[in-house]
Each structure stands twice: as structure tokens, then as C-alpha cells.
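The next block is structure-v2.csv, given as CSV, C-alpha atoms.
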```
chain,number,residue,atom,x,y,z
A,11,MET,CA,0.0,0.0,0.0
A,12,LYS,CA,2.8,2.4,0.9
A,13,ILE,CA,4.5,4.1,-2.1
A,14,SER,CA,7.1,6.7,-2.4
A,15,CYS,CA,6.6,10.3,-3.6
A,16,ASP,CA,8.3,9.4,-6.8
A,17,GLU,CA,5.9,6.6,-7.4
A,18,ALA,CA,2.9,8.6,-6.3
A,19,THR,CA,3.6,11.5,-8.6
A,20,LYS,CA,4.2,9.0,-11.5
A,21,ILE,CA,0.7,7.5,-11.0
A,22,CYS,CA,-0.6,11.0,-10.7
A,23,ASP,CA,0.9,11.9,-14.1
A,24,LYS,CA,-0.5,8.7,-15.6
A,25,ASN,CA,-3.9,9.5,-14.2
A,26,GLN,CA,-3.9,12.8,-16.1
A,27,TYR,CA,-4.2,10.7,-19.3
A,28,GLY,CA,-6.9,8.5,-17.7
A,29,GLU,CA,-4.6,5.6,-17.8
A,30,ALA,CA,-4.0,4.8,-14.1
A,31,SER,CA,-5.5,1.5,-12.9
A,32,ILE,CA,-7.9,1.3,-10.0
A,33,TRP,CA,-5.3,-0.2,-7.8
A,34,ASP,CA,-2.9,2.6,-8.8
A,35,LYS,CA,-5.5,5.2,-7.9
A,36,ILE,CA,-6.1,3.6,-4.5
A,37,LYS,CA,-2.4,3.7,-3.7
A,38,LEU,CA,-2.2,7.3,-4.9
A,39,ASN,CA,-5.2,8.5,-2.8
A,40,PHE,CA,-3.8,6.8,0.3
A,41,HIS,CA,-0.5,8.5,-0.3
A,42,LEU,CA,-2.1,11.9,-1.0
A,43,PHE,CA,-4.0,11.6,2.3
A,44,LEU,CA,-0.8,11.6,4.1
A,45,CYS,CA,1.6,13.7,1.9
A,46,GLU,CA,1.1,17.4,1.5
A,47,LYS,CA,3.9,17.8,-1.0
A,48,CYS,CA,2.4,15.4,-3.4
A,49,GLY,CA,-1.1,16.8,-2.7
A,50,LEU,CA,0.1,20.1,-4.0
A,51,TYR,CA,1.7,18.4,-7.0
A,52,SER,CA,-1.5,16.6,-7.7
A,53,LYS,CA,-3.6,19.9,-7.6
A,54,GLN,CA,-1.1,21.7,-9.8
A,55,ASN,CA,-1.0,18.8,-12.2
A,56,VAL,CA,-4.6,19.3,-13.1
A,57,ILE,CA,-3.9,23.0,-13.8
A,58,LEU,CA,-0.9,22.0,-16.0
A,59,THR,CA,-3.0,19.5,-17.9
A,60,LYS,CA,-5.4,22.4,-18.7
A,61,CYS,CA,-2.3,24.4,-19.9
A,62,TYR,CA,-1.2,21.5,-22.1
A,63,GLU,CA,-4.7,21.3,-23.5
A,64,ILE,CA,-4.6,25.0,-24.5
A,65,HIS,CA,-1.2,24.5,-26.0
A,66,LYS,CA,-2.4,21.5,-28.0
A,67,ASP,CA,-5.2,23.6,-29.5
A,68,SER,CA,-2.9,26.4,-30.4
A,69,GLU,CA,-0.4,23.9,-32.0
A,70,SER,CA,-3.1,22.1,-34.0
A,71,ARG,CA,-4.1,25.4,-35.6
A,72,LYS,CA,-0.6,25.7,-37.0
A,73,LYS,CA,-0.3,24.3,-40.6
A,74,HIS,CA,3.0,22.7,-41.5
A,75,CYS,CA,3.8,22.3,-45.1
A,76,LEU,CA,6.8,22.2,-47.4
A,77,THR,CA,7.3,25.3,-49.5
A,78,GLU,CA,7.5,25.1,-53.3
A,79,GLU,CA,11.2,25.8,-52.9
A,80,ASP,CA,11.7,22.9,-50.5
A,81,LYS,CA,10.0,20.6,-53.0
A,82,LYS,CA,12.0,21.8,-55.9
A,83,HIS,CA,15.2,21.2,-53.9
A,84,LEU,CA,14.0,17.7,-53.0
A,85,GLU,CA,13.1,17.0,-56.6
A,86,GLN,CA,16.5,18.0,-57.8
A,87,GLU,CA,18.3,15.9,-55.2
A,88,LEU,CA,16.2,12.9,-56.0
A,89,LYS,CA,16.6,13.3,-59.8
A,90,THR,CA,20.4,13.1,-59.5
A,91,ARG,CA,20.0,9.7,-57.9
A,92,ILE,CA,17.2,8.1,-60.0
B,1,MET,CA,-2.8,-12.4,-57.7
B,2,PRO,CA,-2.7,-11.2,-61.3
B,3,LEU,CA,0.3,-9.0,-62.1
B,4,THR,CA,-1.7,-6.1,-63.1
B,5,ASN,CA,-3.1,-5.6,-59.6
B,6,LYS,CA,0.3,-5.0,-58.1
B,7,HIS,CA,1.4,-1.6,-57.0
B,8,LYS,CA,4.2,0.0,-58.9
B,9,LEU,CA,6.8,2.6,-57.9
B,10,ASN,CA,7.2,5.8,-59.7
B,11,PRO,CA,10.1,7.8,-58.1
B,12,ASN,CA,9.6,10.7,-60.6
B,13,LYS,CA,6.3,11.5,-58.9
B,14,TRP,CA,7.3,10.9,-55.3
B,15,ILE,CA,7.8,14.5,-54.3
B,16,ALA,CA,4.5,15.6,-55.9
B,17,LEU,CA,2.5,12.8,-54.5
B,18,HIS,CA,3.9,12.0,-51.1
B,19,ALA,CA,6.3,14.7,-49.9
B,20,ASP,CA,3.7,16.7,-48.0
B,21,TYR,CA,2.2,13.6,-46.4
B,22,LEU,CA,5.6,12.4,-45.3
B,23,TYR,CA,6.5,15.8,-44.0
B,24,ASN,CA,3.4,16.1,-41.9
B,25,TYR,CA,3.8,12.6,-40.6
B,26,THR,CA,7.3,13.5,-39.5
B,27,ILE,CA,6.5,16.9,-38.0
B,28,SER,CA,3.9,15.4,-35.7
B,29,ARG,CA,6.6,13.2,-34.3
B,30,ILE,CA,9.7,15.3,-34.6
B,31,ASN,CA,8.8,19.0,-34.0
B,32,ASN,CA,11.6,20.5,-35.9
B,33,GLN,CA,11.2,21.6,-39.5
B,34,ASP,CA,14.9,21.3,-40.7
B,35,LEU,CA,15.2,17.9,-39.1
B,36,ALA,CA,11.9,16.8,-40.6
B,37,LYS,CA,13.1,17.9,-44.1
B,38,ASP,CA,16.4,16.0,-43.7
B,39,ILE,CA,14.6,12.9,-42.5
B,40,ILE,CA,12.2,12.8,-45.5
B,41,GLN,CA,15.1,13.4,-47.9
B,42,ASP,CA,16.9,10.5,-46.3
B,43,THR,CA,13.7,8.5,-46.6
B,44,PHE,CA,13.4,9.1,-50.4
B,45,PHE,CA,17.1,8.3,-50.9
B,46,ALA,CA,16.8,5.1,-48.9
B,47,ALA,CA,13.6,4.2,-50.9
B,48,LEU,CA,15.4,4.7,-54.2
B,49,LYS,CA,18.1,2.3,-53.1
B,50,ALA,CA,15.6,-0.2,-51.9
B,51,GLN,CA,13.3,-0.2,-54.9
B,52,ALA,CA,14.2,-3.8,-55.7
B,53,ASN,CA,12.7,-4.9,-52.4
B,54,PHE,CA,9.3,-3.4,-53.2
B,55,LYS,CA,7.0,-6.3,-53.9
B,56,GLY,CA,4.0,-4.3,-54.9
B,57,LEU,CA,1.7,-5.7,-52.2
B,58,ALA,CA,1.3,-2.4,-50.3
B,59,SER,CA,0.7,1.0,-51.9
B,60,GLU,CA,3.7,3.1,-52.7
B,61,ARG,CA,2.8,5.5,-49.9
B,62,THR,CA,2.5,2.7,-47.3
B,63,TRP,CA,5.9,1.4,-48.4
B,64,LEU,CA,7.5,4.9,-48.1
B,65,ILE,CA,6.0,5.4,-44.7
B,66,SER,CA,7.4,2.1,-43.5
B,67,ILE,CA,10.9,3.4,-44.5
B,68,LEU,CA,10.2,6.7,-42.8
B,69,LYS,CA,9.2,4.9,-39.6
B,70,ARG,CA,12.6,3.3,-39.5
B,71,LYS,CA,14.2,6.7,-39.9
B,72,ILE,CA,12.2,8.0,-37.0
B,73,ILE,CA,13.2,5.2,-34.7
B,74,ASP,CA,16.8,5.7,-35.7
B,75,HIS,CA,16.4,9.4,-34.7
B,76,TYR,CA,14.9,8.4,-31.4
B,77,ARG,CA,17.7,6.0,-30.7
B,78,LYS,CA,20.2,8.7,-31.5
B,79,ILE,CA,18.7,11.2,-29.1
B,80,ASN,CA,18.2,8.5,-26.5
B,81,SER,CA,21.9,7.8,-26.4
B,82,THR,CA,23.0,11.5,-26.3
B,83,LYS,CA,24.0,11.8,-22.7
B,84,GLY,CA,25.0,14.8,-20.7
B,85,LYS,CA,23.4,17.7,-22.5
B,86,ALA,CA,20.5,19.1,-20.5
B,87,GLU,CA,20.0,15.9,-18.6
B,88,VAL,CA,16.9,15.9,-16.5
B,89,LYS,CA,17.5,17.1,-13.0
B,90,MET,CA,16.9,14.8,-10.1
B,91,ASN,CA,13.7,15.4,-8.3
B,92,PHE,CA,13.7,12.5,-5.8
B,93,TYR,CA,16.4,10.9,-3.7
B,94,SER,CA,17.6,7.9,-5.6
B,95,ASP,CA,19.0,5.9,-2.7
B,96,GLY,CA,19.5,5.8,1.0
B,97,ASP,CA,16.9,6.2,3.7
B,98,ARG,CA,15.0,8.9,1.8
B,99,GLU,CA,14.8,7.0,-1.5
B,100,GLY,CA,11.8,8.2,-3.5
B,101,GLU,CA,11.2,11.3,-1.4
B,102,TRP,CA,11.3,14.8,-2.8
B,103,ILE,CA,14.6,16.6,-2.8
B,104,GLU,CA,14.0,19.8,-0.9
B,105,GLU,CA,14.6,22.3,-3.7
B,106,ARG,CA,12.3,20.4,-6.0
B,107,VAL,CA,9.3,20.3,-3.7
B,108,PRO,CA,6.4,22.1,-5.4
B,109,SER,CA,5.7,25.5,-4.0
B,110,THR,CA,2.3,27.2,-3.9
B,111,TRP,CA,1.2,29.3,-6.9
B,112,GLY,CA,-0.7,32.6,-6.9
B,113,SER,CA,-4.4,32.6,-6.4
B,114,GLU,CA,-5.4,33.9,-9.8
B,115,ILE,CA,-4.7,30.8,-11.7
B,116,GLU,CA,-7.7,31.1,-14.1
B,117,GLN,CA,-6.6,34.5,-15.3
B,118,VAL,CA,-3.1,33.4,-15.7
B,119,ILE,CA,-4.1,30.4,-17.8
B,120,GLU,CA,-6.3,32.5,-20.1
B,121,ASN,CA,-3.3,34.6,-21.1
B,122,ASP,CA,-2.4,34.4,-24.8
B,123,GLU,CA,1.2,34.1,-24.1
B,124,LEU,CA,0.8,30.9,-22.1
B,125,SER,CA,1.4,28.7,-25.1
B,126,GLU,CA,4.6,30.5,-25.9
B,127,ALA,CA,5.9,30.1,-22.3
B,128,LEU,CA,5.0,26.5,-22.4
B,129,GLU,CA,6.7,25.9,-25.7
B,130,LYS,CA,9.9,27.3,-24.3
B,131,CYS,CA,9.7,25.0,-21.4
B,132,ILE,CA,9.2,22.0,-23.7
B,133,GLU,CA,12.1,23.0,-25.8
B,134,ASP,CA,14.3,23.1,-22.7
B,135,LEU,CA,13.6,19.4,-22.0
B,136,PRO,CA,16.1,16.8,-23.2
B,137,GLU,CA,15.1,15.9,-26.8
B,138,LYS,CA,13.9,12.4,-26.0
B,139,TYR,CA,11.6,13.7,-23.2
B,140,ALA,CA,10.3,16.5,-25.4
B,141,MET,CA,9.5,14.0,-28.3
B,142,VAL,CA,7.6,11.5,-26.1
B,143,PHE,CA,5.8,14.2,-24.2
B,144,ARG,CA,4.7,15.9,-27.4
B,145,MET,CA,3.5,12.7,-29.0
B,146,LYS,CA,1.5,11.7,-25.9
B,147,THR,CA,0.2,15.1,-24.8
B,148,ILE,CA,0.1,17.5,-27.8
B,149,GLN,CA,-0.4,15.0,-30.6
B,150,GLN,CA,-2.4,12.7,-28.3
B,151,PHE,CA,-1.2,9.4,-29.8
B,152,GLU,CA,-2.3,6.3,-28.0
B,153,THR,CA,0.3,4.9,-25.5
B,154,GLU,CA,0.4,1.6,-27.5
B,155,GLU,CA,1.0,3.4,-30.8
B,156,ILE,CA,4.0,5.4,-29.3
B,157,CYS,CA,5.5,2.3,-27.8
B,158,LYS,CA,5.2,0.5,-31.1
B,159,GLU,CA,6.6,3.3,-33.1
B,160,LEU,CA,9.6,4.0,-30.8
B,161,GLU,CA,10.0,0.4,-29.8
B,162,ILE,CA,9.8,1.2,-26.0
B,163,THR,CA,7.8,-0.4,-23.2
B,164,SER,CA,4.8,1.3,-21.7
B,165,SER,CA,6.6,1.5,-18.3
B,166,ASN,CA,9.5,3.2,-20.1
B,167,LEU,CA,7.0,5.6,-21.6
B,168,TRP,CA,5.5,6.5,-18.3
B,169,VAL,CA,8.9,7.1,-16.7
B,170,ILE,CA,9.7,9.6,-19.5
B,171,ILE,CA,6.3,11.3,-19.2
B,172,HIS,CA,6.7,11.5,-15.5
B,173,ARG,CA,10.1,13.1,-15.7
B,174,ALA,CA,9.1,15.4,-18.4
B,175,ARG,CA,6.0,16.6,-16.5
B,176,ILE,CA,8.0,17.1,-13.3
B,177,GLN,CA,10.5,19.2,-15.1
B,178,LEU,CA,7.8,21.2,-17.0
B,179,ARG,CA,6.0,21.9,-13.7
B,180,LYS,CA,9.2,23.3,-12.3
B,181,CYS,CA,9.9,25.4,-15.4
B,182,MET,CA,6.3,26.7,-15.6
B,183,GLU,CA,6.5,27.5,-11.9
B,184,GLU,CA,9.5,29.6,-12.4
B,185,SER,CA,8.5,31.3,-15.6
B,186,TRP,CA,4.8,31.6,-15.3
B,187,PHE,CA,3.0,30.8,-12.0
B,188,LYS,CA,5.3,32.5,-9.5
B,189,ASN,CA,4.1,36.0,-8.8
```

Would you write the structure of this file as C-alpha cells?
Amino acid sequence: MKISCDEATKICDKNQYGEASIWDKIKLNFHLFLCEKCGLYSKQNVILTKCYEIHKDSESRKKHCLTEEDKKHLEQELKTRI
Amino acid sequence: MPLTNKHKLNPNKWIALHADYLYNYTISRINNQDLAKDIIQDTFFAALKAQANFKGLASERTWLISILKRKIIDHYRKINSTKGKAEVKMNFYSDGDREGEWIEERVPSTWGSEIEQVIENDELSEALEKCIEDLPEKYAMVFRMKTIQQFETEEICKELEITSSNLWVIIHRARIQLRKCMEESWFKN
């Protein structure tokens, strides 16, 4: 039942992706009940997950594509080897 | 299978037909434009050399992607073995009586009370991106794939040939370091 802070915060991170098992969560909650430091980590982790979500949205709006110049360059490089 | 149903390769059209697709595939895994361009160029060159191995059972694109996947694993292995540079700082004691406990200077400290406003700031994304870029490359890559691109754990493990426990250790270390970085650059008032 007893786990270290390292282990507890690792489960806490996993839980942010909804991938911690029930047993993991029981161990985590038991630890959080006793450990203030990890309690704070856990609270802040939820906030960080929101930040990552915001960042994800702003990243997904960015379009990545090759410029015509890039393609021409690739084309030439490839032609010399065909 | 009749011969006519087999897929054929046409290297003269590779750039026009597949370059954008391969580039996007790469950029969602390796968030660096120059590197992504190098990797797809390498992929096309390797594909040219390996034409004889193409059996025509899969489409040209699927075949090119399979070569690209190898290039991405090669890249991951390379950054995985680069030691020293910006190695992740220790957060917990690694041995002795206090093994697994927080190292004092890494203990989370309380943030200001106006969290909601701080989060809604437009520059948040920029600050976060900086913190991600400060991570060791391997951590940044896995963190991005999992959190920003939201790939399934299984998919990442398969693509990078790592175990899921390996993945969670990387995510854990990345998030602890990001928390610290964001605390210093953003949440501390």
C-alpha cells in the first residue's frame, strides 16, 4: 500500500491521461491523504493538464507544409539519384 | 494475384504525390522543420536504393511510410543515447533512507491565487513551448507525441520500440521538469 513520492507522482501523471489503474488510484489516494507535497503536486498537475490542452489547441491550428522551394530542392536531389 | 493488380513505384512522382504527407507525418513526431526535411530526404534516398525490395503488395505510400518509420526510430535512438546535454535534474532521492522522497529544492511551492486568469493569457502557449524546448530531446519528443499529438500509448510504444513502463517514466520526468519550469517562468508572482 505504501508508495514513495516518486511513485505517487508518477501515478498522478499517468492519471492525467486517464490511464492509471484502479489499484494505482487507491495507492495514490492513500499517499495523498498523508503527503502534503504530493497533494500540491496533484492539484497543480490538473492545472498543468489544462495548460497543455490549451497548447495542444494552439499547436493544432498551425499548418505545417513544405514550400515550393523545398519541394524543388528535394526534386533535384532525388533526380540526380534516380 | 494477377500481375496487373500489383502496385508500382514511380520515383519521378514521389515528391509531388507524397512529400507533403511524409513531411506532416514526421513533423507530428519530430517537432523540428529542418530535421523533418532532412529525414524525409533520407527516406526518399533510402527508398530509391531499396526499390528492388518493393513487392507491390502495399501501396507506394505505405511502403514509403514504412521506411520513414525506421528513420524516426533511428532518430529516437540517437537522441536517446546522447548523454549529458540538459539531462533531467533529479527530483527525488535515488538511494539511502530517503529514497523516492522529494529533494528539498524540487518540492512544489504554492502558486498565486489567480490561476484562471493566468491560464487564459495568450502568451501561455509561448511560455510552455519554451519549457518543452528546454527538455532533453527524448523527453520532449515522447511528451509531445503523448500530450500534444495525443497518440495512444500503445502506438507510441510500437513506433519507438519502447515499453509502456518506459514511456510513463519519460512522461513523469518530463512533467515534473515542466512543472518546475512553468512555476519559475509563469506561475510565480

Any idea which chain A residues end up within 7 Å of chain B if we count only C-alpha atoms, as a PDB file with C-alpha atoms, in the frame of the given file please?
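After the write, selection.pdb holds the following:
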```
ATOM      1  CA  SER A  14       7.100   6.700  -2.400  1.00  0.00           C
ATOM      2  CA  CYS A  15       6.600  10.300  -3.600  1.00  0.00           C
ATOM      3  CA  ASP A  16       8.300   9.400  -6.800  1.00  0.00           C
ATOM      4  CA  LYS A  20       4.200   9.000 -11.500  1.00  0.00           C
ATOM      5  CA  ASP A  23       0.900  11.900 -14.100  1.00  0.00           C
ATOM      6  CA  LYS A  24      -0.500   8.700 -15.600  1.00  0.00           C
ATOM      7  CA  LYS A  47       3.900  17.800  -1.000  1.00  0.00           C
ATOM      8  CA  LEU A  50       0.100  20.100  -4.000  1.00  0.00           C
ATOM      9  CA  TYR A  51       1.700  18.400  -7.000  1.00  0.00           C
ATOM     10  CA  CYS A  61      -2.300  24.400 -19.900  1.00  0.00           C
ATOM     11  CA  HIS A  65      -1.200  24.500 -26.000  1.00  0.00           C
ATOM     12  CA  LYS A  66      -2.400  21.500 -28.000  1.00  0.00           C
ATOM     13  CA  HIS A  74       3.000  22.700 -41.500  1.00  0.00           C
ATOM     14  CA  CYS A  75       3.800  22.300 -45.100  1.00  0.00           C
ATOM     15  CA  LEU A  76       6.800  22.200 -47.400  1.00  0.00           C
ATOM     16  CA  LYS A  81      10.000  20.600 -53.000  1.00  0.00           C
ATOM     17  CA  LEU A  84      14.000  17.700 -53.000  1.00  0.00           C
ATOM     18  CA  GLU A  85      13.100  17.000 -56.600  1.00  0.00           C
ATOM     19  CA  LEU A  88      16.200  12.900 -56.000  1.00  0.00           C
ATOM     20  CA  ILE A  92      17.200   8.100 -60.000  1.00  0.00           C
TER      21      ILE A  92
END
```

One decimal, Å: what's the distance from atom CA of B:Asn121 over to atom CA of A:Glu46, could you say? 28.7 Å

Rounded to one decimal, what separation in Å do you get between atom CA of B:Ile132 and atom CA of B:Glu114?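 One can read the atom CA of B:Ile132 to atom CA of B:Glu114 distance as 23.4 Å.
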
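Minimum atom-to-atom distances from B:Leu9, B:Tyr139, B:Asn31, B:Asp74 to B:Ala50 were compared using all atoms listed in the file, and the lowest value belongs to B:Leu9.
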
Tell me, in Å to one decimal, how far atom CA of A:Cys48 is from atom CA of A:Glu17. 10.3 Å
